[in-house]
Amino acid sequence: MPVETHCPYCALQCAMTLTPTTGGGVEVAPRDFPTNRGGLCQKGWTSATVLTSPDRLTTPLVRDAHGALTQASWEQAYERIVAGVRAAQQAAGKDAVAVFGGGGLTNEKSYTIGKFARAALGTSRIDYNGRFCMSSAAAAGGRAFGLDRGLPFPLADLGGAASVLLVGSNLAETMPPSVQHLAGVRRRGGLIVVDPRRSATAALTEDGGGIHLQPLPGADIVVLLGLLHLLVAAGDTDEGYLAGRVDGWAEVKASCALWWPERVERVTGIPTDELRAAARLFAAAAPGNGGAGAYLLTGRGAEQHAHGTDTVTAAINLALALGLVGRVGSGYGCVTGQGNGQGGREHGQKADQLPGYRKIDDPAARAHVAAVWGVEEEALPGAGLPAVELLDALGLPGGPSVLFVHGANPAVSGPDAGHVRERLAALDLLVVADFVLSETAQLADVVLPVPQWAEEEGTMTSLEGRVLRRRRAAASPPEVRDELQIWHDLAQLLGSPAHFETDPDRVMDELARASSGGVADYGGVAHGRLDGGEPVFWPCPDLDHPGTPRLFLDRFATPNGRARMVAVTPRPVDDDLRPDAPVHLITGRLLQHYQSGAQTRLVPELMRGEPRAFVQVHPVLAERLGVEEGADLRVTSSRGTVTAPARLSTDIRPDCVFVPFHFPGEQSVNLLTNPATDPISGMPEFKVCAVQVVPA
Amino acid sequence: MSTCTQRIVVIGHGMVAARLLDQIGRDATEHTQLGITVLGAEPHRPYNRLLLGEVLAGRTDLGGLTLPDPTIHDGITLRVCRGVTAVRIDRTARLVYADDGSVHPYDRVVFATGAEPRIPVNTSQPQGVRALRDLDDCRELLAATAHLRHVTVVGGGLLGIELACALRTRGLEVALVHRGEHLMDRQLPADAATVVRDQLSQLGIHVHTGIEDTTAHHEQDRLSSVLLSDGTEHRTDLVVASAGVQPRTALAAEAGLPVRDGIVVGDDLCSPADPSMAAIGDCAETADGCPGLLAPGWEQADRLARSLLGQPDPPARQADPMIVKLKAVGLDVLTVGETSLPMPGARTVSLHDPQGGRSVQVTVDGGRVVAAVCVGAPKVAAELTLSYERATVIPVDPALLLVPAATTAAVPISDNPTTMPSAATVCRCNGVDKKMIIDAHLAGARDLAAIAARTRATTGCGGCREVVCGLLEWMDQANPPDRDVAQPKHDGNGTGNTPFVDSPEQAQEASR
């Protein structure tokens with residue numbers, strides 16, 4: 001029986017149909033859907049390969065007396081975990097145990113992992129890899145609009161726009177089928193891409209598609225302030241909208257008086273005429289100026305910085321100044337990365353949040369959630385630590401000595417990954433649930449095999465805030481156990497007062513109750529309703545509510561209903577160029593791989609395309625270094641060294657190199673990245689640091 | 001306010017004073033206790049003076065010039081007096097007297113009085129002869145341009161050229177008069193200046209260089225013409241001077257502080273005669289002199305803020321990066337570094353292209369850009385600015401710096417079916433190259449659906465559809481399914497040249 005579901009990878013969640021094959025696997029076929037329109041990239045097409053990969057985990061593993069991971073029964077694994085948790089919490093309190101989740105988990109699991117941490121383990125120490133992904137956009141969006149949903153409009157709305165401004169988003173590489181939605185704007189010459197590299201997305205601006213602005217890495221905020229300056233100068237701002245719907249405009253308007261084009265050029269490297277052309281193009285597309293509509297979208301390139309929240313705020317300010325937000329046919333959004341990067345950040349994986357995007361320090365929110373969970377409100381812990389701080393504290397006095405990792409591979413994906421590995425190694429007990437022996441699982445004391453996407457039921461919330469059904473098409477290997485079951489079992493063994501559901505359908509019903517009345521209200525979301533094919537976008541407070549495809553049309557989710565502009569000041573890159581590190585390092589993604597690569601590196605077809613890390617380098621820099629195509633380069637930051645072959649390309653600025661981050665061990669570029677974090681979002685500065693580059 | 005609050009009087013409220021106030025707010029700590037009084041002669045909130053020319057050019061309006069309020073801090077009491085001019089300082093009693101009769105006691109005084117324009121024009125009466133320095137000048141000039149026709153700009157430096165261009169964009173007849181042998185003679189070599197002059201002429205601006213004297217001629221009370229020392233006479237309704245500035249030092253001099261061109265200050269930005277007196281910005285004269293640029297003034301403001309807060313000095317100050325960039329429509333001029341001094345050991349390359357309106361000269365030393373002049377090449381200018389200021393990597397052959405980096409190495413990518421290389425990626429989303437399409441065709445996949453089924457090409461974003469159709473058409477011609485049957489027509493714009501092959505083997509050959 002063919003099963004309708006969605007791709008396991010990114011937040012576009014391409015629709016696919018899975019047909020079981022005789023060998024226990026499934027066959028993948030793309031399915032028409034408003035987001036992917038029948039398209040799949042190479043990752044999606046080959047996704048079923050991982051189901052039957054010889055490398056997948058089929059039994060629990062426990063580290064034995066000789067230090068080797070050996071096959072074990074579930075009872076042995078649980079015993080080790082329960083003993084470890086009890087010993088740690090008796091010695092140092094509840095917070096001695098920590099949980100690290102992931103943005104690829106279903107909504108049901110994202111919800112239950114937060115409940116497991118707080119109601120079963122009683123720890124405040126939970127955070128997740130979405131901190132490395134969406135946190136800056138979430139912080140800025142929440143601050144400005146009172147609500148954070150990646151795209152507050154359906155993706156297909158982009159099709160009618162006269163201009164789309166993408167800041168640090170490489171969606172042609174990360175979610176290729178989404179490019180179909182840019183066809184219209186390219187035809188109209190209205191695509192503007194801000195990226196220090198001529199990425200696959202930036203290349204879409206060529207042949208009349210639009211404009212590529214190629215600033216220094218870390219300078220996006222200055223580009224945005226410069227664009228706002230030009231809008232103000234030209235009188236292109238939407239004063240009626242600003243007066244009617246926005247607070248803080250006077251301060252923001254004044255703040256951009258200092259960013260005239262020549263100064264922007266000096267800081268960003270963008271010629272003044274290009275900046276002016278982009279400002280004119282974007283302004284003309286705004287409805288307030290008689291245009292057909294304009295969208296501004298940010299991606300990780302703008303967000304993964306020690307001041308990423310400010311950069312996103314500058315983007316939001318620009319969108320608000322043109323009156324784009326909360327208008328049909330225009331808008332601001334961030335392009336979510338991980339498969340459930342949206343839902344994953346709404347239901348309690350974040351250190352300071354309870355389900356429904358409720359704040360954990362809000363007494364009413366605590367009381368509501370405690371009642372749903374059947375626990376005392378006082379028993380719920382307070383706010384924990386954001387990811388980088390949490391990982392930093394592992395194994396240290398006062399820090400956690402036990403860590404559960406679900407759906408994440410921080411040994412490869414964390415900043416300053418060498419340091420992350422040290423901290424993981426310092427734990428008394430590391431428990432990793434995964435379906436492959438990821439680099440983090442390799443360090444674990446207990447490894448729990450869990451199902452893959454095609455073997456589970458649940459829901460995912462896509463980049464446009466639509467709740468989608470993920471359905472089972474294949475059976476897991478017999479010894480594989482679902483996380484919902486694992487948390488249920490462990491909670492029971494630990495004597496938790498809260499009951500843990502194991503049926504995803506019933507978990508969704510509980511999630512609906514827990515989120516009801518919250519910012520991310522899933523009160524009206526139910527598997528049965530989604531199975532009927534109805535598109536449901538949150539907030540959807542009850543079963544009769546149609547959901548909300550487009551947000552903010554009448555009011556913003558702030559207390560007074562008005563958007564809040566906040567003036568921001570650019571700060572220098574945290575780890576900036578110096579004589580012994582004269583080149584910027586940019587990190588990012590490849591089409592063939594997903595996140596830390598733990599899954600995609602198991603797919604031969606993808607590995608044929610991109611088998612290993614490389615250093616993208618401009619011929620001018622290569623000649624200066626005296627290296628040719630393919631020669632190994634040694635790239636060194638203050639934190640570590642990576643060696644990888646040179647790939648010469650004029651797509652990158654001569655003062656930058658680029659290395660993809662999907663690869664482990666000596667190719668792991670996160671050995672070099674800077675763990676300095678954004679003071680508001682906790683986002684580390686993945687996207688830029690200073691390096692020395694020499695021939696290896 | 002506690003008794004240990006330090007009282008600071010800031011005299012002047014321009015861009016550098018605004019920066020100082022903001023930086024103090026940013027750097028303040030919980031121990032900070034400051035009472036700051038600002039005396040600003042202008043009645044306006046502080047504004048971006050650099051953009052006055054842009055207002056004149058019609059590229060921005062006065063409302064967009066207002067600077068942000070300074071960062072506030074609990075330990076700082078800020079009192080701003082607009083339209084109030086300091087007139088006397090009693091250093092014994094430690095009091096500043098202002099023209100509104102107010103008296104301000106101080107522990108420290110900061111001079112940020114700026115500079116006033118020089119007007120090197122011989123004239124018997126003031127009518128029609130003026131400068132552009134502040135907001136009121138700008139307003140009056142804007143009003144005047146509405147009913148005037150002929151304007152003479154005196155001063156062919158950076159600001160004079162900007163001003164001339166701005167007035168020209170308002171449709172006025174503009175003459176530009178310069179004392180030096182060529183335009184921007186402090187920054188530009190003669191050949192580059194010639195290109196600038198040609199560009200200005202093309203914009204319709206009449207340029208006169210080597211003019212020692214300019215004399216205004218009035219008829220009754222109205223300015224009617226200027227007489228230049230080369231003998232030419234220009235009909236003019238207005239003379240606007242942009243011929244340098246004179247630091248405003250009178251108040252400091254009267255207070256007995258040492259003054260040369262500007263108020264003399266040491267490395268600590270304080271007067272050697274009185275450490276309670278500091279000066280920053282255009283009015284200050286440091287060991288570097290009076291550069292008259294904003295960036296050094298801001299840097300001084302940042303340093304003085306730390307010093308007023310009693311915080312340790314930042315790392316030793318580097319020499320100010322000398323970057324001068326012209327703001328004008330249709331004219332792009334940049335100079336960085338000391339372009340006029342010879343540099344032993346350095347290497348200079350240049351590209352002089354007067355017909356193309358372009359002149360680029362770059363000096364490199366020790367693997368970095370140390371000076372550059374760039375006229376009419378905006379992209380190169382942007383790259384050189386970064387390269388100079390951030391000491392980034394430069395090409396082994398400095399000649400590559402003379403043209404945009406992208407154009408020196410770009411390889412055009414062909415999607416012509418015949419010429420595209422066999423390993424060229426056709427479908428990025430699914431990693432399909434030309435050879436895989438050809439192989440699929442040879443194996444019997446003759447239409448888009450069949451190609452998609454076999455290779456997955458076109459099944460991602462669909463952007464490669466046209467290229468795949470082109471390849472199919474090309475292959476169909478080389479390798480027709482049936483010679484008697486009409487060719488199937490594929491959608492998309494197949495642009496393939498007719499390949500001179502008629503067998504699969506030859507088709508494969510052609511694809512190599």
# chains A, B, ... in the order shown; residues from 1 in each chain; ligands from 1

$ select_by_dssp --residues "region 463-659 of chain A" --states "helix (DSSP H, G or I)" --output "MDAnalysis selection string"
chainID A and resid 483:493 504:515 527:531 600:602 604:609 619:625

$ interface_residues --of "chain B" --to "chain A" --cutoff "7 Å" --atoms "only C-alpha atoms" --output "short mmCIF file (atom, residue, chain, number, x, y, z; two decimals) with C-alpha atoms, in the first residue's frame"
data_model
loop_
_atom_site.label_atom_id
_atom_site.label_comp_id
_atom_site.auth_asym_id
_atom_site.auth_seq_id
_atom_site.Cartn_x
_atom_site.Cartn_y
_atom_site.Cartn_z
CA ASN B 48 24.52 64.00 9.50
CA ARG B 59 18.89 62.24 -3.13
CA THR B 60 17.71 62.60 0.44
CA ASP B 61 15.64 65.03 2.44
CA GLY B 64 16.49 61.77 7.05
CA LEU B 65 19.60 63.44 8.44
CA THR B 66 18.68 63.45 12.13
CA LEU B 67 21.08 61.35 14.18
CA PRO B 68 19.89 58.82 16.76
CA PRO B 378 33.14 51.72 -8.70
CA LYS B 379 33.50 47.98 -8.24
CA ALA B 382 34.90 48.99 -3.34
CA GLU B 383 37.38 46.13 -3.49
CA THR B 385 38.83 50.06 0.01
CA LEU B 386 38.43 46.74 1.79
CA THR B 392 43.43 41.42 2.88
CA VAL B 393 45.12 39.14 0.41
CA PRO B 395 46.81 38.93 -6.27
CA VAL B 396 50.41 37.93 -6.92
CA ALA B 406 35.12 38.72 -11.01
CA ALA B 409 38.90 34.85 -13.96
CA ALA B 410 35.31 34.23 -14.93
CA CYS B 429 19.23 19.20 -7.70
CA ASN B 430 19.94 15.63 -8.68
CA GLY B 431 23.57 15.75 -9.76
CA THR B 459 12.59 16.56 -10.89
CA GLY B 460 14.00 19.03 -8.34
CA CYS B 461 13.46 22.71 -8.96
#

$ residues_around --residues "Asp353 (chain B)" --least-positions-apart "2" --cutoff "10 Å" --atoms "only C-alpha atoms" --output "short mmCIF file (atom, residue, chain, number, x, y, z; two decimals) with C-alpha atoms, in the first residue's frame"
data_model
loop_
_atom_site.label_atom_id
_atom_site.label_comp_id
_atom_site.auth_asym_id
_atom_site.auth_seq_id
_atom_site.Cartn_x
_atom_site.Cartn_y
_atom_site.Cartn_z
CA ASP B 191 46.19 62.16 -15.16
CA ALA B 192 43.42 60.93 -12.87
CA VAL B 195 39.57 62.07 -16.20
CA SER B 350 48.10 51.89 -13.23
CA LEU B 351 45.40 51.78 -15.84
CA GLN B 355 38.17 57.65 -23.20
CA GLY B 356 36.52 55.11 -20.93
CA GLY B 357 36.31 57.65 -18.13
CA ARG B 358 38.53 55.49 -15.98
CA SER B 359 41.84 55.87 -14.20
CA VAL B 360 43.10 53.42 -11.61
CA VAL B 375 38.27 57.12 -10.87
CA GLY B 376 35.29 55.78 -12.79
#

$ select_by_dssp --residues "region 374-615 of chain A" --states "strand (DSSP E)" --output "PyMOL selection string"
chain A and resi 402-406+429-434+446-449+458-461+467-470+563-564+583-588+615

$ atom_distance --atom1 "CA of Gly25 (chain B)" --atom2 "CA of Ile76 (chain B)"
7.5 Å

$ residues_around --residues "Ile126 (chain A)" --least-positions-apart "6" --cutoff "8 Å" --atoms "only C-alpha atoms" --output "list in words"
Ala98, Val99, Phe100, Gly101, Gly114, Ala117, Gln349, Lys350, Ala351, Gly384, Leu385 and Pro386 of chain A

$ write_last_selection --atoms "C-alpha atoms" --output "compact mmCIF listing (two decimals), in the first residue's frame"
# COMPACT_ATOMS: atom_id res chain seq x y z
CA ALA A 98 20.67 17.20 31.00
CA VAL A 99 18.82 16.63 27.73
CA PHE A 100 19.82 17.75 24.24
CA GLY A 101 17.13 17.47 21.59
CA GLY A 114 10.49 18.48 27.08
CA ALA A 117 13.12 16.41 31.04
CA GLN A 349 12.79 21.72 23.80
CA LYS A 350 14.04 25.22 24.46
CA ALA A 351 15.65 25.94 27.82
CA GLY A 384 17.84 26.15 31.94
CA LEU A 385 20.87 26.99 29.86
CA PRO A 386 21.00 27.63 26.10

$ residues_around --residues "region 28-45 of chain B" --least-positions-apart "2" --cutoff "7 Å" --atoms "only C-alpha atoms" --output "JSON, numbers by chain"
{"B": [5, 6, 7, 8, 9, 10, 11, 12, 13, 24, 25, 26, 47, 66, 75, 76, 77, 78, 79, 80, 81, 82, 83, 84, 85, 86, 309]}

$ residues_around --residues "Thr249 (chain B)" --least-positions-apart "4" --cutoff "8 Å" --atoms "only C-alpha atoms" --output "VMD selection string"
chain B and resid 113 253 259 262 to 263 283

$ write_last_selection --atoms "N, CA and C atoms" --output "mmCIF file, in the first residue's frame"
data_model
loop_
_atom_site.group_PDB
_atom_site.id
_atom_site.type_symbol
_atom_site.label_atom_id
_atom_site.label_comp_id
_atom_site.auth_asym_id
_atom_site.auth_seq_id
_atom_site.Cartn_x
_atom_site.Cartn_y
_atom_site.Cartn_z
ATOM 1 N N THR B 113 33.843 71.995 18.708
ATOM 2 C CA THR B 113 33.263 73.177 18.066
ATOM 3 C C THR B 113 33.334 73.115 16.547
ATOM 4 N N ALA B 253 41.236 79.838 22.443
ATOM 5 C CA ALA B 253 42.352 80.803 22.465
ATOM 6 C C ALA B 253 42.109 81.863 23.535
ATOM 7 N N VAL B 259 46.877 77.265 20.730
ATOM 8 C CA VAL B 259 46.150 77.065 19.484
ATOM 9 C C VAL B 259 47.104 77.301 18.325
ATOM 10 N N GLY B 262 44.480 74.329 14.875
ATOM 11 C CA GLY B 262 43.368 73.927 15.731
ATOM 12 C C GLY B 262 43.792 74.041 17.186
ATOM 13 N N ILE B 263 42.924 73.565 18.054
ATOM 14 C CA ILE B 263 43.239 73.562 19.484
ATOM 15 C C ILE B 263 44.243 72.441 19.711
ATOM 16 N N CYS B 283 37.943 70.682 15.335
ATOM 17 C CA CYS B 283 38.567 71.814 16.018
ATOM 18 C C CYS B 283 39.895 71.437 16.663
#

$ atom_distance --atom1 "CA of Gly130 (chain A)" --atom2 "CA of Gln338 (chain A)"
7.9 Å
